[in-house]
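Structure data follow from work15.pdb (PDB, N, CA and C atoms):
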```pdb
ATOM      1  N   MET A   1     -13.099  -8.915  -4.190
ATOM      2  CA  MET A   1     -11.942  -9.436  -4.898
ATOM      3  C   MET A   1     -10.812  -9.657  -3.894
ATOM      4  N   ARG A   2     -10.133 -10.752  -4.034
ATOM      5  CA  ARG A   2      -9.029 -11.036  -3.104
ATOM      6  C   ARG A   2      -7.805 -10.202  -3.486
ATOM      7  N   TYR A   3      -6.870 -10.129  -2.572
ATOM      8  CA  TYR A   3      -5.648  -9.362  -2.836
ATOM      9  C   TYR A   3      -4.436 -10.137  -2.346
ATOM     10  N   VAL A   4      -3.299  -9.831  -2.967
ATOM     11  CA  VAL A   4      -2.033 -10.476  -2.642
ATOM     12  C   VAL A   4      -0.979  -9.383  -2.576
ATOM     13  N   PHE A   5      -0.131  -9.440  -1.563
ATOM     14  CA  PHE A   5       0.996  -8.521  -1.462
ATOM     15  C   PHE A   5       2.202  -9.109  -2.189
ATOM     16  N   HIS A   6       2.843  -8.313  -3.015
ATOM     17  CA  HIS A   6       4.145  -8.683  -3.560
ATOM     18  C   HIS A   6       5.061  -8.853  -2.345
ATOM     19  N   PRO A   7       5.978  -9.829  -2.351
ATOM     20  CA  PRO A   7       6.837 -10.036  -1.175
ATOM     21  C   PRO A   7       7.578  -8.769  -0.723
ATOM     22  N   GLU A   8       8.043  -7.955  -1.657
ATOM     23  CA  GLU A   8       8.748  -6.731  -1.270
ATOM     24  C   GLU A   8       7.789  -5.690  -0.689
ATOM     25  N   ALA A   9       6.549  -5.679  -1.156
ATOM     26  CA  ALA A   9       5.549  -4.767  -0.592
ATOM     27  C   ALA A   9       5.213  -5.181   0.834
ATOM     28  N   LEU A  10       5.115  -6.486   1.066
ATOM     29  CA  LEU A  10       4.845  -6.984   2.408
ATOM     30  C   LEU A  10       5.991  -6.630   3.351
ATOM     31  N   LEU A  11       7.214  -6.722   2.853
ATOM     32  CA  LEU A  11       8.373  -6.336   3.649
ATOM     33  C   LEU A  11       8.346  -4.843   3.974
ATOM     34  N   GLU A  12       8.005  -4.013   2.998
ATOM     35  CA  GLU A  12       7.885  -2.564   3.242
ATOM     36  C   GLU A  12       6.851  -2.278   4.323
ATOM     37  N   TYR A  13       5.726  -2.950   4.210
ATOM     38  CA  TYR A  13       4.641  -2.779   5.167
ATOM     39  C   TYR A  13       5.120  -3.151   6.573
ATOM     40  N   ALA A  14       5.762  -4.306   6.684
ATOM     41  CA  ALA A  14       6.265  -4.766   7.986
ATOM     42  C   ALA A  14       7.308  -3.807   8.554
ATOM     43  N   GLU A  15       8.185  -3.310   7.704
ATOM     44  CA  GLU A  15       9.218  -2.372   8.171
ATOM     45  C   GLU A  15       8.596  -1.065   8.649
ATOM     46  N   ALA A  16       7.578  -0.588   7.963
ATOM     47  CA  ALA A  16       6.905   0.649   8.391
ATOM     48  C   ALA A  16       6.207   0.428   9.729
ATOM     49  N   VAL A  17       5.539  -0.714   9.884
ATOM     50  CA  VAL A  17       4.881  -1.022  11.161
ATOM     51  C   VAL A  17       5.924  -1.083  12.271
ATOM     52  N   GLN A  18       7.045  -1.732  12.010
ATOM     53  CA  GLN A  18       8.119  -1.830  13.006
ATOM     54  C   GLN A  18       8.635  -0.445  13.396
ATOM     55  N   TYR A  19       8.837   0.400  12.398
ATOM     56  CA  TYR A  19       9.311   1.756  12.661
ATOM     57  C   TYR A  19       8.331   2.491  13.578
ATOM     58  N   TYR A  20       7.046   2.448  13.243
ATOM     59  CA  TYR A  20       6.061   3.146  14.071
ATOM     60  C   TYR A  20       5.930   2.508  15.447
ATOM     61  N   ALA A  21       6.078   1.181  15.534
ATOM     62  CA  ALA A  21       5.992   0.495  16.828
ATOM     63  C   ALA A  21       7.131   0.921  17.753
ATOM     64  N   GLU A  22       8.296   1.197  17.162
ATOM     65  CA  GLU A  22       9.421   1.657  17.971
ATOM     66  C   GLU A  22       9.185   3.065  18.506
ATOM     67  N   GLN A  23       8.356   3.832  17.803
ATOM     68  CA  GLN A  23       8.038   5.189  18.238
ATOM     69  C   GLN A  23       6.923   5.160  19.293
ATOM     70  N   TRP A  24       5.840   4.456  18.941
ATOM     71  CA  TRP A  24       4.659   4.410  19.806
ATOM     72  C   TRP A  24       3.754   3.296  19.289
ATOM     73  N   VAL A  25       3.432   2.331  20.110
ATOM     74  CA  VAL A  25       2.646   1.174  19.689
ATOM     75  C   VAL A  25       1.290   1.590  19.129
ATOM     76  N   GLU A  26       0.664   2.573  19.736
ATOM     77  CA  GLU A  26      -0.654   3.019  19.275
ATOM     78  C   GLU A  26      -0.581   3.599  17.855
ATOM     79  N   VAL A  27       0.516   4.254  17.543
ATOM     80  CA  VAL A  27       0.693   4.811  16.197
ATOM     81  C   VAL A  27       0.848   3.663  15.193
ATOM     82  N   ALA A  28       1.580   2.635  15.578
ATOM     83  CA  ALA A  28       1.738   1.470  14.702
ATOM     84  C   ALA A  28       0.384   0.828  14.418
ATOM     85  N   GLN A  29      -0.441   0.697  15.443
ATOM     86  CA  GLN A  29      -1.772   0.112  15.237
ATOM     87  C   GLN A  29      -2.625   1.002  14.349
ATOM     88  N   SER A  30      -2.515   2.291  14.518
ATOM     89  CA  SER A  30      -3.239   3.227  13.662
ATOM     90  C   SER A  30      -2.786   3.088  12.211
ATOM     91  N   PHE A  31      -1.477   2.938  11.999
ATOM     92  CA  PHE A  31      -0.944   2.745  10.652
ATOM     93  C   PHE A  31      -1.515   1.472  10.026
ATOM     94  N   ILE A  32      -1.522   0.387  10.776
ATOM     95  CA  ILE A  32      -2.081  -0.877  10.281
ATOM     96  C   ILE A  32      -3.544  -0.685   9.892
ATOM     97  N   ASP A  33      -4.312  -0.047  10.775
ATOM     98  CA  ASP A  33      -5.733   0.175  10.497
ATOM     99  C   ASP A  33      -5.937   0.988   9.225
ATOM    100  N   ILE A  34      -5.095   1.995   9.034
ATOM    101  CA  ILE A  34      -5.240   2.883   7.880
ATOM    102  C   ILE A  34      -4.829   2.174   6.586
ATOM    103  N   VAL A  35      -3.788   1.376   6.629
ATOM    104  CA  VAL A  35      -3.409   0.605   5.441
ATOM    105  C   VAL A  35      -4.501  -0.412   5.118
ATOM    106  N   GLU A  36      -5.017  -1.084   6.124
ATOM    107  CA  GLU A  36      -6.091  -2.052   5.892
ATOM    108  C   GLU A  36      -7.343  -1.359   5.337
ATOM    109  N   ASP A  37      -7.624  -0.149   5.794
ATOM    110  CA  ASP A  37      -8.743   0.624   5.246
ATOM    111  C   ASP A  37      -8.509   0.927   3.769
ATOM    112  N   ALA A  38      -7.298   1.313   3.415
ATOM    113  CA  ALA A  38      -6.976   1.604   2.013
ATOM    114  C   ALA A  38      -7.149   0.349   1.155
ATOM    115  N   VAL A  39      -6.690  -0.796   1.650
ATOM    116  CA  VAL A  39      -6.841  -2.042   0.907
ATOM    117  C   VAL A  39      -8.326  -2.388   0.759
ATOM    118  N   TYR A  40      -9.102  -2.158   1.800
ATOM    119  CA  TYR A  40     -10.545  -2.399   1.728
ATOM    120  C   TYR A  40     -11.177  -1.515   0.653
ATOM    121  N   ARG A  41     -10.794  -0.236   0.629
ATOM    122  CA  ARG A  41     -11.338   0.681  -0.380
ATOM    123  C   ARG A  41     -10.936   0.258  -1.784
ATOM    124  N   ILE A  42      -9.713  -0.219  -1.942
ATOM    125  CA  ILE A  42      -9.260  -0.717  -3.245
ATOM    126  C   ILE A  42     -10.087  -1.925  -3.663
ATOM    127  N   ARG A  43     -10.270  -2.864  -2.747
ATOM    128  CA  ARG A  43     -11.038  -4.074  -3.063
ATOM    129  C   ARG A  43     -12.480  -3.739  -3.419
ATOM    130  N   LYS A  44     -13.028  -2.763  -2.757
ATOM    131  CA  LYS A  44     -14.419  -2.369  -2.994
ATOM    132  C   LYS A  44     -14.603  -1.728  -4.369
ATOM    133  N   SER A  45     -13.615  -0.943  -4.789
ATOM    134  CA  SER A  45     -13.723  -0.220  -6.057
ATOM    135  C   SER A  45     -12.339  -0.078  -6.690
ATOM    136  N   PRO A  46     -11.805  -1.145  -7.257
ATOM    137  CA  PRO A  46     -10.412  -1.133  -7.724
ATOM    138  C   PRO A  46     -10.106  -0.141  -8.848
ATOM    139  N   THR A  47     -11.073   0.201  -9.664
ATOM    140  CA  THR A  47     -10.804   1.119 -10.771
ATOM    141  C   THR A  47     -10.968   2.586 -10.382
ATOM    142  N   ARG A  48     -11.296   2.839  -9.162
ATOM    143  CA  ARG A  48     -11.558   4.198  -8.686
ATOM    144  C   ARG A  48     -10.308   5.076  -8.636
ATOM    145  N   TYR A  49      -9.158   4.493  -8.414
ATOM    146  CA  TYR A  49      -7.956   5.259  -8.117
ATOM    147  C   TYR A  49      -7.119   5.544  -9.356
ATOM    148  N   ILE A  50      -6.330   6.577  -9.253
ATOM    149  CA  ILE A  50      -5.564   7.111 -10.379
ATOM    150  C   ILE A  50      -4.519   6.116 -10.887
ATOM    151  N   VAL A  51      -4.384   6.063 -12.195
ATOM    152  CA  VAL A  51      -3.338   5.268 -12.827
ATOM    153  C   VAL A  51      -2.063   6.108 -12.809
ATOM    154  N   VAL A  52      -0.996   5.540 -12.255
ATOM    155  CA  VAL A  52       0.260   6.285 -12.153
ATOM    156  C   VAL A  52       1.326   5.787 -13.125
ATOM    157  N   ASP A  53       1.148   4.574 -13.651
ATOM    158  CA  ASP A  53       2.118   4.028 -14.595
ATOM    159  C   ASP A  53       1.492   2.814 -15.276
ATOM    160  N   GLU A  54       1.258   2.913 -16.567
ATOM    161  CA  GLU A  54       0.649   1.832 -17.343
ATOM    162  C   GLU A  54      -0.602   1.303 -16.651
ATOM    163  N   ASP A  55      -0.529   0.136 -16.011
ATOM    164  CA  ASP A  55      -1.699  -0.435 -15.337
ATOM    165  C   ASP A  55      -1.590  -0.367 -13.809
ATOM    166  N   VAL A  56      -0.667   0.413 -13.304
ATOM    167  CA  VAL A  56      -0.464   0.535 -11.850
ATOM    168  C   VAL A  56      -1.272   1.721 -11.330
ATOM    169  N   ARG A  57      -2.037   1.462 -10.284
ATOM    170  CA  ARG A  57      -2.865   2.499  -9.665
ATOM    171  C   ARG A  57      -2.338   2.808  -8.264
ATOM    172  N   ARG A  58      -2.746   3.970  -7.751
ATOM    173  CA  ARG A  58      -2.302   4.390  -6.418
ATOM    174  C   ARG A  58      -3.492   4.861  -5.590
ATOM    175  N   CYS A  59      -3.583   4.323  -4.396
ATOM    176  CA  CYS A  59      -4.563   4.757  -3.403
ATOM    177  C   CYS A  59      -3.778   5.340  -2.236
ATOM    178  N   MET A  60      -4.023   6.593  -1.936
ATOM    179  CA  MET A  60      -3.337   7.235  -0.814
ATOM    180  C   MET A  60      -3.993   6.829   0.502
ATOM    181  N   THR A  61      -3.166   6.653   1.519
ATOM    182  CA  THR A  61      -3.696   6.369   2.850
ATOM    183  C   THR A  61      -4.119   7.678   3.497
ATOM    184  N   ARG A  62      -4.900   7.557   4.516
ATOM    185  CA  ARG A  62      -5.326   8.723   5.274
ATOM    186  C   ARG A  62      -4.397   8.875   6.476
ATOM    187  N   GLN A  63      -4.015  10.060   6.802
ATOM    188  CA  GLN A  63      -3.225  10.423   7.981
ATOM    189  C   GLN A  63      -1.739  10.047   7.926
ATOM    190  N   PHE A  64      -1.347   9.175   7.024
ATOM    191  CA  PHE A  64       0.058   8.806   6.896
ATOM    192  C   PHE A  64       0.486   9.077   5.458
ATOM    193  N   PRO A  65       1.741   9.444   5.232
ATOM    194  CA  PRO A  65       2.185   9.782   3.873
ATOM    195  C   PRO A  65       2.561   8.553   3.043
ATOM    196  N   TYR A  66       1.623   7.648   2.886
ATOM    197  CA  TYR A  66       1.854   6.412   2.149
ATOM    198  C   TYR A  66       0.824   6.244   1.042
ATOM    199  N   GLY A  67       1.269   5.628  -0.034
ATOM    200  CA  GLY A  67       0.381   5.241  -1.117
ATOM    201  C   GLY A  67       0.463   3.739  -1.308
ATOM    202  N   ILE A  68      -0.678   3.139  -1.594
ATOM    203  CA  ILE A  68      -0.716   1.719  -1.906
ATOM    204  C   ILE A  68      -0.741   1.613  -3.433
ATOM    205  N   LEU A  69       0.297   1.027  -4.004
ATOM    206  CA  LEU A  69       0.390   0.860  -5.445
ATOM    207  C   LEU A  69      -0.017  -0.560  -5.783
ATOM    208  N   TYR A  70      -0.886  -0.700  -6.791
ATOM    209  CA  TYR A  70      -1.429  -2.017  -7.093
ATOM    210  C   TYR A  70      -1.808  -2.145  -8.562
ATOM    211  N   THR A  71      -1.961  -3.388  -8.983
ATOM    212  CA  THR A  71      -2.489  -3.691 -10.312
ATOM    213  C   THR A  71      -3.725  -4.567 -10.142
ATOM    214  N   ILE A  72      -4.589  -4.492 -11.114
ATOM    215  CA  ILE A  72      -5.786  -5.329 -11.115
ATOM    216  C   ILE A  72      -5.505  -6.505 -12.051
ATOM    217  N   GLU A  73      -5.365  -7.677 -11.469
ATOM    218  CA  GLU A  73      -5.112  -8.887 -12.244
ATOM    219  C   GLU A  73      -6.458  -9.551 -12.556
ATOM    220  N   ALA A  74      -6.431 -10.661 -13.268
ATOM    221  CA  ALA A  74      -7.664 -11.322 -13.696
ATOM    222  C   ALA A  74      -8.582 -11.684 -12.519
ATOM    223  N   ASP A  75      -8.010 -12.227 -11.446
ATOM    224  CA  ASP A  75      -8.866 -12.663 -10.345
ATOM    225  C   ASP A  75      -8.384 -12.198  -8.964
ATOM    226  N   TYR A  76      -7.487 -11.207  -8.958
ATOM    227  CA  TYR A  76      -7.034 -10.665  -7.682
ATOM    228  C   TYR A  76      -6.389  -9.301  -7.895
ATOM    229  N   ILE A  77      -6.157  -8.626  -6.788
ATOM    230  CA  ILE A  77      -5.433  -7.350  -6.798
ATOM    231  C   ILE A  77      -4.034  -7.639  -6.274
ATOM    232  N   LEU A  78      -3.031  -7.177  -7.004
ATOM    233  CA  LEU A  78      -1.638  -7.361  -6.603
ATOM    234  C   LEU A  78      -1.125  -6.041  -6.035
ATOM    235  N   VAL A  79      -0.827  -6.035  -4.740
ATOM    236  CA  VAL A  79      -0.253  -4.857  -4.101
ATOM    237  C   VAL A  79       1.244  -4.885  -4.368
ATOM    238  N   LEU A  80       1.702  -3.900  -5.151
ATOM    239  CA  LEU A  80       3.110  -3.839  -5.547
ATOM    240  C   LEU A  80       3.985  -3.119  -4.533
ATOM    241  N   ALA A  81       3.412  -2.137  -3.837
ATOM    242  CA  ALA A  81       4.222  -1.344  -2.907
ATOM    243  C   ALA A  81       3.340  -0.689  -1.856
ATOM    244  N   VAL A  82       3.894  -0.570  -0.673
ATOM    245  CA  VAL A  82       3.354   0.281   0.389
ATOM    246  C   VAL A  82       4.396   1.382   0.486
ATOM    247  N   MET A  83       4.194   2.409  -0.330
ATOM    248  CA  MET A  83       5.239   3.392  -0.621
ATOM    249  C   MET A  83       5.116   4.663   0.224
ATOM    250  N   HIS A  84       6.193   5.002   0.899
ATOM    251  CA  HIS A  84       6.264   6.296   1.567
ATOM    252  C   HIS A  84       6.381   7.343   0.474
ATOM    253  N   CYS A  85       5.577   8.372   0.543
ATOM    254  CA  CYS A  85       5.501   9.340  -0.556
ATOM    255  C   CYS A  85       6.742  10.202  -0.728
ATOM    256  N   SER A  86       7.654  10.201   0.219
ATOM    257  CA  SER A  86       8.882  10.970   0.028
ATOM    258  C   SER A  86      10.027  10.101  -0.496
ATOM    259  N   ARG A  87       9.731   8.833  -0.769
ATOM    260  CA  ARG A  87      10.727   7.928  -1.340
ATOM    261  C   ARG A  87      10.942   8.216  -2.805
ATOM    262  N   GLU A  88      12.009   7.710  -3.333
ATOM    263  CA  GLU A  88      12.310   7.883  -4.749
ATOM    264  C   GLU A  88      11.186   7.299  -5.608
ATOM    265  N   PRO A  89      10.568   8.107  -6.457
ATOM    266  CA  PRO A  89       9.488   7.593  -7.309
ATOM    267  C   PRO A  89      10.007   6.527  -8.265
ATOM    268  N   GLY A  90       9.191   5.514  -8.477
ATOM    269  CA  GLY A  90       9.538   4.501  -9.449
ATOM    270  C   GLY A  90      10.419   3.371  -8.961
ATOM    271  N   TYR A  91      10.820   3.392  -7.692
ATOM    272  CA  TYR A  91      11.705   2.341  -7.183
ATOM    273  C   TYR A  91      11.051   0.952  -7.276
ATOM    274  N   TRP A  92       9.740   0.913  -7.336
ATOM    275  CA  TRP A  92       8.970  -0.313  -7.303
ATOM    276  C   TRP A  92       8.733  -0.919  -8.694
ATOM    277  N   LYS A  93       9.120  -0.226  -9.761
ATOM    278  CA  LYS A  93       8.754  -0.630 -11.112
ATOM    279  C   LYS A  93       9.251  -2.028 -11.505
ATOM    280  N   SER A  94      10.311  -2.488 -10.922
ATOM    281  CA  SER A  94      10.826  -3.825 -11.262
ATOM    282  C   SER A  94       9.931  -4.932 -10.711
ATOM    283  N   ARG A  95       8.958  -4.599  -9.907
ATOM    284  CA  ARG A  95       8.087  -5.601  -9.278
ATOM    285  C   ARG A  95       6.933  -6.040 -10.178
ATOM    286  N   LYS A  96       6.720  -5.344 -11.264
ATOM    287  CA  LYS A  96       5.580  -5.678 -12.137
ATOM    288  C   LYS A  96       5.794  -6.955 -12.886
TER     289      LYS A  96
END
```
So, in terms of structure tokens, how does the structure I just supplied come out?
Amino acid sequence: MRYVFHPEALLEYAEAVQYYAEQWVEVAQSFIDIVEDAVYRIRKSPTRYIVVDEDVRRCMTRQFPYGILYTIEADYILVLAVMHCSREPGYWKSRK
């Protein structure tokens, strides 16, 4: 199944990569790999992950404190947020 990032989720993702790149380029690449792995796992089995709000599901990344929040649409997966887990919960709800 194909996937699409909400524009604000894509911005969050880019900002997180930038933050890690400023710390250490290798860490930024690791973050990218781990987010891409999470998206791959979502695409492989979209209903596997916990529902956190109505039809929004969350897949946690490995090694980084991020969750990928998404909905399953008719013919694609919509990534609503690349959320740092210490951020204010629910900030992404207006994106649905």
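Considering all atoms listed in the file, the residue among A:Asp37, A:Glu12, A:Asp75, A:Glu22 positioned nearest to Arg62 (chain A) is A:Asp37.
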| task | Return the single residue from A:Val51, A:Ile68, A:Val25, A:Leu11 that is closest to Val39 (chain A), with distances computed using all atoms listed in the file. | result | A:Ile68
| task | Return as JSON, numbers by chain the set of residues that the PyMOL selection byres ((chain A and resi 80) around 6.5) yields on the displayed structure. | result | {"A": [5, 6, 8, 9, 68, 69, 70, 71, 78, 79, 81, 82, 92, 95]}
| query | Which one is closest to Phe31 (chain A): A:Phe64, A:Val52, A:Met83, A:Pro46? Count only N, CA and C atoms. | reply | A:Phe64
Edge lengths and centre in Å to one decimal, as AutoDock Vina command-line options, of the axis-aligned box that encloses all listed atoms of region 74-89 of chain A with 6 Å added on every side?
```
--center_x 1.7 --center_y -0.8 --center_z -6.1 --size_x 33.2 --size_y 35.6 --size_z 27.3
```
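Picture a line from atom C of Pro65 (chain A) to atom N of Glu36 (chain A); it runs 12.6 Å.
The residue that comes closest to Met60 (chain A), out of A:Cys85, A:Val17, A:Val27, A:Ala74 and on the basis of only C-alpha atoms, is A:Cys85.
The strand (DSSP E or B) portion of chain A consists of Arg2, Tyr3, Val4, Phe5, Ile50, Val51, Val52, Asp53, Val56, Arg57, Arg58, Cys59, Met60, Tyr66, Gly67, Ile68, Leu69, Tyr70, Thr71, Ile72, Tyr76, Ile77, Leu78, Val79, Leu80, Ala81, Val82, Met83 and His84 of chain A, with states taken from DSSP on the backbone.
Taking CA of Thr61 (chain A) and atom C of Val35 (chain A) as endpoints, the distance between them is 7.2 Å.
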| task | Kindly provide, as a ChimeraX atom specification, the polymer residues lying within 6.5 Å of (-7.7, -5.8, -3.5), counting only N, CA and C atoms and using the coordinates exactly as they appear in the file. | result | /A:1-4,39,42-44,76-78
| said: Run DSSP on the backbone and tell me which residues of chain A come out as alpha helix (DSSP H); list them as a PyMOL selection string. | reply: chain A and resi 7-23+25-44
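Here atom C of Lys96 (chain A) is placed at a distance of 10.9 Å from atom C of Asp53 (chain A).
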